[in-house]
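Q: Have a look at this one.
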Amino acid sequence: MTSAPQATAESKHALRPAPASSQRAQPAAASSRKYRRETSAQARAGWGMLAPAGILMLLFLVVPIVLTFVLAFTDARLISPRPMQFIGLENFERLFGTEVFWASLRNTLIIALVIVPGQSGLALIMALLVNKKFPGLNFFRTVFFLPMVTSMVVVSMLWLFMYQPDGLLNALLAKVGISGPDWLGDPSWALFAIIVMSAWQAAGMHMIIWLSGLQTIPGELYEAAALDGASTWQQFKHVTWPGLRQTRTFILITITIAAFSLFTQINIMTKGGPLDSTSTVVYQAVRTGYDQQQTGYAAAISLVFFVLVLAVNLVQRYLTRDKEARA
């Protein structure tokens, strides 16, 4: 049995308060557990909100890309009772041996080489015009942007009627004594007609992008340049153009991708003709995959197109990178 003095001592020891460090550790541990629970709940909520977009990207971006790489090396057809077979590089050998592909590639490069500087330059001029304050400014901004918000199918149909031999364009040329050609029926003019319509239709969107870049340039720079006696051209060269460096990089890349992927205009207006003079790589891939139902061959064309666009964009990004990165 424990003696009374020992029991009294043990009772005093039990009633003695815990050390201050132990008292501080208990709330800190509880706070840490609460923080971990809240962080875990936030992480689950974040993944839950990300899941719909991730699933859509997986289904409509990742899966099609993987299927393209797989089908490019097979003889798959859209509708066929025969099972798909692996044929290696036969699709690519067949592709590089056809004149249609080289004509489509040549047309695609011509479209890009003309539309990229032409459309970006036209859009920049339009942006410079509407960047100044004058009566009716909002009206002109709306007019310039209107073709972009109009369906490409509708725009293509309108220009199809304008390009007819007895259409509006030739009627206007006849007023000044010029006999207009068959714009879409002549191989010498068909591609040019497509380029003009495409550059006009999308210039409004890039005008808005140029305009947003122009409005980020501080007005004090123009005031200082004017005080130094700089002309309008010198202000553009030394103030406006350097201030649009990031904007022009973005515009060049977007216009290049759009020019390489031209399809709707050609499908409605010329069907790749006459004599494949307006056929492009994208149009050839779609026609091969759906009209001719050669899915594997169309996948090979799409794969070549992917490599082509990737190479052009890498070169473009290299040439338009910041000066600091070149040093």
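Labels for the structure tokens follow display order: chains A, B, ..., residues from 1 in each chain, ligands from 1.
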Pick out the residues sitting within 9 Å of A:Tyr297, and hand them over as JSON, numbers by chain; count only C-alpha atoms, and ignore anything fewer than 2 positions along from it in its own chain.

A: {"A": [71, 72, 73, 74, 75, 76, 77, 91, 92, 94, 95, 285, 288, 289, 294, 295, 299, 300, 301, 302]}

Q: Output N, CA and C atoms of each residue in that selection to a file, as a short mmCIF file (atom, residue, chain, number, x, y, z; two decimals), in the first residue's frame.

A:
data_model
loop_
_atom_site.label_atom_id
_atom_site.label_comp_id
_atom_site.auth_asym_id
_atom_site.auth_seq_id
_atom_site.Cartn_x
_atom_site.Cartn_y
_atom_site.Cartn_z
N LEU A 71 -3.01 5.51 -87.40
CA LEU A 71 -3.65 5.21 -88.68
C LEU A 71 -2.77 5.54 -89.87
N ALA A 72 -1.83 6.46 -89.70
CA ALA A 72 -0.97 6.85 -90.82
C ALA A 72 -0.14 5.69 -91.35
N PHE A 73 0.04 4.65 -90.54
CA PHE A 73 0.85 3.50 -90.95
C PHE A 73 -0.01 2.27 -91.23
N THR A 74 -1.29 2.50 -91.51
CA THR A 74 -2.21 1.40 -91.81
C THR A 74 -2.94 1.69 -93.11
N ASP A 75 -3.71 0.69 -93.57
CA ASP A 75 -4.54 0.86 -94.77
C ASP A 75 -6.01 1.02 -94.40
N ALA A 76 -6.27 1.64 -93.24
CA ALA A 76 -7.64 1.78 -92.75
C ALA A 76 -8.50 2.58 -93.72
N ARG A 77 -9.76 2.16 -93.85
CA ARG A 77 -10.74 2.87 -94.66
C ARG A 77 -11.93 3.22 -93.77
N ASN A 91 1.92 4.52 -97.19
CA ASN A 91 1.11 5.73 -97.39
C ASN A 91 1.98 6.94 -97.72
N PHE A 92 3.12 7.05 -97.04
CA PHE A 92 4.00 8.18 -97.27
C PHE A 92 4.71 8.05 -98.62
N ARG A 94 3.46 6.59 -101.24
CA ARG A 94 2.43 6.92 -102.22
C ARG A 94 2.17 8.42 -102.25
N LEU A 95 2.17 9.04 -101.07
CA LEU A 95 1.89 10.48 -100.99
C LEU A 95 2.95 11.30 -101.70
N ALA A 285 -6.37 16.30 -97.58
CA ALA A 285 -6.56 15.34 -96.49
C ALA A 285 -8.04 15.08 -96.23
N THR A 288 -9.56 13.17 -99.19
CA THR A 288 -9.12 11.78 -99.19
C THR A 288 -9.81 10.97 -98.09
N GLY A 289 -9.96 11.60 -96.91
CA GLY A 289 -10.52 10.86 -95.79
C GLY A 289 -12.01 10.65 -95.86
N GLN A 294 -10.43 6.97 -97.54
CA GLN A 294 -9.12 6.36 -97.28
C GLN A 294 -8.56 6.98 -96.00
N THR A 295 -8.99 6.45 -94.87
CA THR A 295 -8.66 7.05 -93.58
C THR A 295 -7.16 7.00 -93.30
N ALA A 299 -4.71 10.18 -92.87
CA ALA A 299 -3.94 10.38 -91.64
C ALA A 299 -2.47 10.65 -91.97
N ALA A 300 -1.93 9.99 -92.99
CA ALA A 300 -0.55 10.26 -93.40
C ALA A 300 -0.40 11.69 -93.91
N ILE A 301 -1.38 12.17 -94.67
CA ILE A 301 -1.35 13.55 -95.14
C ILE A 301 -1.41 14.52 -93.96
N SER A 302 -2.28 14.22 -93.00
CA SER A 302 -2.41 15.07 -91.82
C SER A 302 -1.12 15.09 -91.00
#

Q: Can you tell me, as a ChimeraX atom specification, what residues are no more than 9 Å from stretch 124-128 of chain A when counting only C-alpha atoms, ignoring any on the same chain fewer than 6 positions away?

A: /A:141,144,203-204,206-212,214

Q: Kindly export the residues of the current selection with N, CA and C atoms, as a JSON list (two decimals), in the first residue's frame.

A:
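Contents of part19.json, freshly written:
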[["chain", "number", "residue", "atom", "x", "y", "z"],
["A", 141, "ARG", "N", -14.87, 51.00, -87.04],
["A", 141, "ARG", "CA", -14.39, 49.81, -86.36],
["A", 141, "ARG", "C", -15.34, 48.64, -86.59],
["A", 144, "PHE", "N", -15.03, 47.41, -90.29],
["A", 144, "PHE", "CA", -13.81, 46.65, -90.53],
["A", 144, "PHE", "C", -13.88, 45.25, -89.91],
["A", 203, "ALA", "N", -8.94, 40.01, -91.91],
["A", 203, "ALA", "CA", -8.15, 41.19, -91.52],
["A", 203, "ALA", "C", -8.77, 41.90, -90.33],
["A", 204, "GLY", "N", -10.10, 41.85, -90.18],
["A", 204, "GLY", "CA", -10.75, 42.55, -89.08],
["A", 204, "GLY", "C", -10.34, 42.02, -87.71],
["A", 206, "HIS", "N", -7.50, 40.56, -86.88],
["A", 206, "HIS", "CA", -6.13, 40.95, -86.58],
["A", 206, "HIS", "C", -6.01, 42.46, -86.41],
["A", 207, "MET", "N", -6.93, 43.21, -86.99],
["A", 207, "MET", "CA", -6.98, 44.64, -86.72],
["A", 207, "MET", "C", -7.23, 44.88, -85.24],
["A", 208, "ILE", "N", -8.16, 44.13, -84.63],
["A", 208, "ILE", "CA", -8.45, 44.28, -83.22],
["A", 208, "ILE", "C", -7.23, 43.94, -82.37],
["A", 209, "ILE", "N", -6.49, 42.92, -82.76],
["A", 209, "ILE", "CA", -5.29, 42.54, -82.01],
["A", 209, "ILE", "C", -4.22, 43.62, -82.12],
["A", 210, "TRP", "N", -4.00, 44.13, -83.35],
["A", 210, "TRP", "CA", -3.06, 45.24, -83.52],
["A", 210, "TRP", "C", -3.50, 46.45, -82.68],
["A", 211, "LEU", "N", -4.80, 46.71, -82.70],
["A", 211, "LEU", "CA", -5.33, 47.87, -81.97],
["A", 211, "LEU", "C", -5.08, 47.74, -80.48],
["A", 212, "SER", "N", -5.28, 46.55, -79.95],
["A", 212, "SER", "CA", -5.01, 46.35, -78.52],
["A", 212, "SER", "C", -3.53, 46.57, -78.20],
["A", 214, "LEU", "N", -1.50, 48.60, -79.94],
["A", 214, "LEU", "CA", -1.25, 50.04, -80.07],
["A", 214, "LEU", "C", -1.66, 50.81, -78.83]]

Q: Residues of stretch 45-107 of chain A within 12 Å of stretch 257-267 of chain A: nearest atom pair and distance (Å, one decimal) for each, counting only C-alpha atoms, sorted by chain and number, as a Markdown table?

A:
| residue | atom | partner | partner_atom | distance |
| --- | --- | --- | --- | --- |
| A:Ser104 | CA | A:Phe260 | CA | 10.7 |
| A:Leu105 | CA | A:Phe260 | CA | 9.5 |
| A:Arg106 | CA | A:Phe260 | CA | 11.0 |
| A:Asn107 | CA | A:Phe260 | CA | 9.6 |

Q: What lies within 12 Å of stretch 218-226 of chain A using only C-alpha atoms, ignoring chain neighbours under 2 positions off, as an MDAnalysis selection string?

A: chainID A and resid 213:216 228:240 242:244

Q: If I take atom CA of A:Phe192 and atom CA of A:Pro147, how far is one from the other in Å, to one decimal?

A: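 Atom CA of A:Pro147 lies 19.1 Å from atom CA of A:Phe192.
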
Q: For A:Ile194, list every protein, DNA or RNA residue within 9 Å, evaluated using only C-alpha atoms, and leave out those in the same chain fewer than 3 positions away; present the list as JSON, numbers by chain.

A: {"A": [111, 184, 189, 190, 191, 197, 198, 199, 265, 266, 269, 270, 278]}

Q: Go ahead and save the residues from that selection, with all heavy atoms, as a tab-separated table (two decimals), in the first residue's frame.

A:
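Output file result37.tsv follows:
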chain	number	residue	atom	x	y	z
A	111	ILE	N	0.00	30.43	-100.53
A	111	ILE	CA	-1.03	31.10	-99.73
A	111	ILE	C	-0.42	31.71	-98.47
A	111	ILE	O	-0.69	32.85	-98.11
A	111	ILE	CB	-2.15	30.10	-99.38
A	111	ILE	CG1	-2.95	29.75	-100.62
A	111	ILE	CG2	-3.07	30.68	-98.31
A	111	ILE	CD1	-3.96	28.63	-100.41
A	184	LEU	N	-12.54	32.22	-110.97
A	184	LEU	CA	-12.45	30.89	-110.35
A	184	LEU	C	-12.34	29.76	-111.36
A	184	LEU	O	-12.10	28.62	-110.97
A	184	LEU	CB	-13.67	30.66	-109.46
A	184	LEU	CG	-13.84	31.66	-108.31
A	184	LEU	CD1	-15.11	31.36	-107.53
A	184	LEU	CD2	-12.63	31.63	-107.37
A	189	TRP	N	-5.81	32.47	-112.24
A	189	TRP	CA	-6.40	33.47	-111.37
A	189	TRP	C	-7.08	32.87	-110.14
A	189	TRP	O	-7.34	33.60	-109.17
A	189	TRP	CB	-7.43	34.31	-112.14
A	189	TRP	CG	-6.84	35.25	-113.12
A	189	TRP	CD1	-6.70	35.05	-114.46
A	189	TRP	CD2	-6.28	36.54	-112.84
A	189	TRP	NE1	-6.10	36.14	-115.06
A	189	TRP	CE2	-5.83	37.07	-114.08
A	189	TRP	CE3	-6.12	37.30	-111.70
A	189	TRP	CZ2	-5.25	38.33	-114.18
A	189	TRP	CZ3	-5.53	38.55	-111.80
A	189	TRP	CH2	-5.10	39.05	-113.02
A	190	ALA	N	-7.39	31.60	-110.14
A	190	ALA	CA	-8.22	31.02	-109.08
A	190	ALA	C	-7.56	31.13	-107.71
A	190	ALA	O	-8.20	31.55	-106.73
A	190	ALA	CB	-8.52	29.55	-109.41
A	191	LEU	N	-6.28	30.79	-107.61
A	191	LEU	CA	-5.60	30.85	-106.32
A	191	LEU	C	-5.49	32.29	-105.83
A	191	LEU	O	-5.68	32.56	-104.63
A	191	LEU	CB	-4.22	30.22	-106.42
A	191	LEU	CG	-3.46	30.06	-105.10
A	191	LEU	CD1	-4.22	29.14	-104.15
A	191	LEU	CD2	-2.05	29.54	-105.33
A	197	MET	N	-9.80	37.02	-101.12
A	197	MET	CA	-10.98	36.89	-100.28
A	197	MET	C	-10.61	36.49	-98.86
A	197	MET	O	-11.17	37.03	-97.88
A	197	MET	CB	-11.92	35.86	-100.90
A	197	MET	CG	-13.29	35.76	-100.22
A	197	MET	SD	-13.34	34.68	-98.80
A	197	MET	CE	-13.24	33.08	-99.59
A	198	SER	N	-9.67	35.59	-98.70
A	198	SER	CA	-9.27	35.13	-97.37
A	198	SER	C	-8.60	36.25	-96.57
A	198	SER	O	-8.87	36.41	-95.37
A	198	SER	CB	-8.34	33.93	-97.48
A	198	SER	OG	-8.95	32.87	-98.18
A	199	ALA	N	-7.72	37.01	-97.21
A	199	ALA	CA	-7.05	38.11	-96.53
A	199	ALA	C	-8.05	39.18	-96.10
A	199	ALA	O	-7.96	39.73	-95.00
A	199	ALA	CB	-5.98	38.72	-97.43
A	265	GLN	N	-13.14	28.03	-97.75
A	265	GLN	CA	-13.25	28.80	-98.99
A	265	GLN	C	-13.05	27.91	-100.21
A	265	GLN	O	-13.79	27.99	-101.19
A	265	GLN	CB	-12.21	29.92	-98.99
A	265	GLN	CG	-12.27	30.85	-97.79
A	265	GLN	CD	-11.35	30.44	-96.68
A	265	GLN	OE1	-11.36	29.28	-96.25
A	265	GLN	NE2	-10.55	31.37	-96.18
A	266	ILE	N	-12.04	27.06	-100.14
A	266	ILE	CA	-11.74	26.19	-101.28
A	266	ILE	C	-12.84	25.17	-101.49
A	266	ILE	O	-13.24	24.88	-102.63
A	266	ILE	CB	-10.38	25.51	-101.06
A	266	ILE	CG1	-9.28	26.57	-101.02
A	266	ILE	CG2	-10.09	24.48	-102.14
A	266	ILE	CD1	-7.93	26.05	-100.59
A	269	MET	N	-15.91	27.23	-102.98
A	269	MET	CA	-15.75	28.04	-104.18
A	269	MET	C	-15.14	27.29	-105.37
A	269	MET	O	-15.52	27.54	-106.51
A	269	MET	CB	-14.89	29.27	-103.85
A	269	MET	CG	-15.51	30.16	-102.78
A	269	MET	SD	-14.45	31.54	-102.29
A	269	MET	CE	-14.52	32.54	-103.76
A	270	THR	N	-14.18	26.39	-105.12
A	270	THR	CA	-13.48	25.78	-106.26
A	270	THR	C	-13.36	24.26	-106.19
A	270	THR	O	-13.02	23.64	-107.20
A	270	THR	CB	-12.06	26.35	-106.36
A	270	THR	OG1	-11.32	26.01	-105.17
A	270	THR	CG2	-12.08	27.86	-106.52
A	278	THR	N	-6.05	25.19	-106.84
A	278	THR	CA	-6.36	25.76	-105.53
A	278	THR	C	-6.39	24.70	-104.44
A	278	THR	O	-6.82	24.97	-103.32
A	278	THR	CB	-7.71	26.48	-105.56
A	278	THR	OG1	-8.74	25.56	-105.95
A	278	THR	CG2	-7.70	27.65	-106.53

Q: Just give me the gap between atom CA of A:Val62 and atom CA of A:Leu50 in Å, one decimal is fine.

A: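 These two atoms are separated by 16.0 Å.
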
Q: Can you work out which one of A:Leu160, A:Val130, A:Val196, A:Ile217 has the shortest atom-to-atom distance to A:Gln246, counting only C-alpha atoms?

A: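 Selected residue with least distance to A:Gln246: A:Ile217.
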
Q: Looking only at the backbone, which of the residues in stretch 230-304 of chain A does DSSP tag as alpha helix (DSSP H), as a PyMOL selection string?

A: chain A and resi 232-235+241-243+245-260+264-269+281-286+295-304

Q: What is the atom CA of A:Tyr318 to atom CA of A:Val281 distance in Å?

A: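 That distance, rounded to one decimal, is 24.5 Å.
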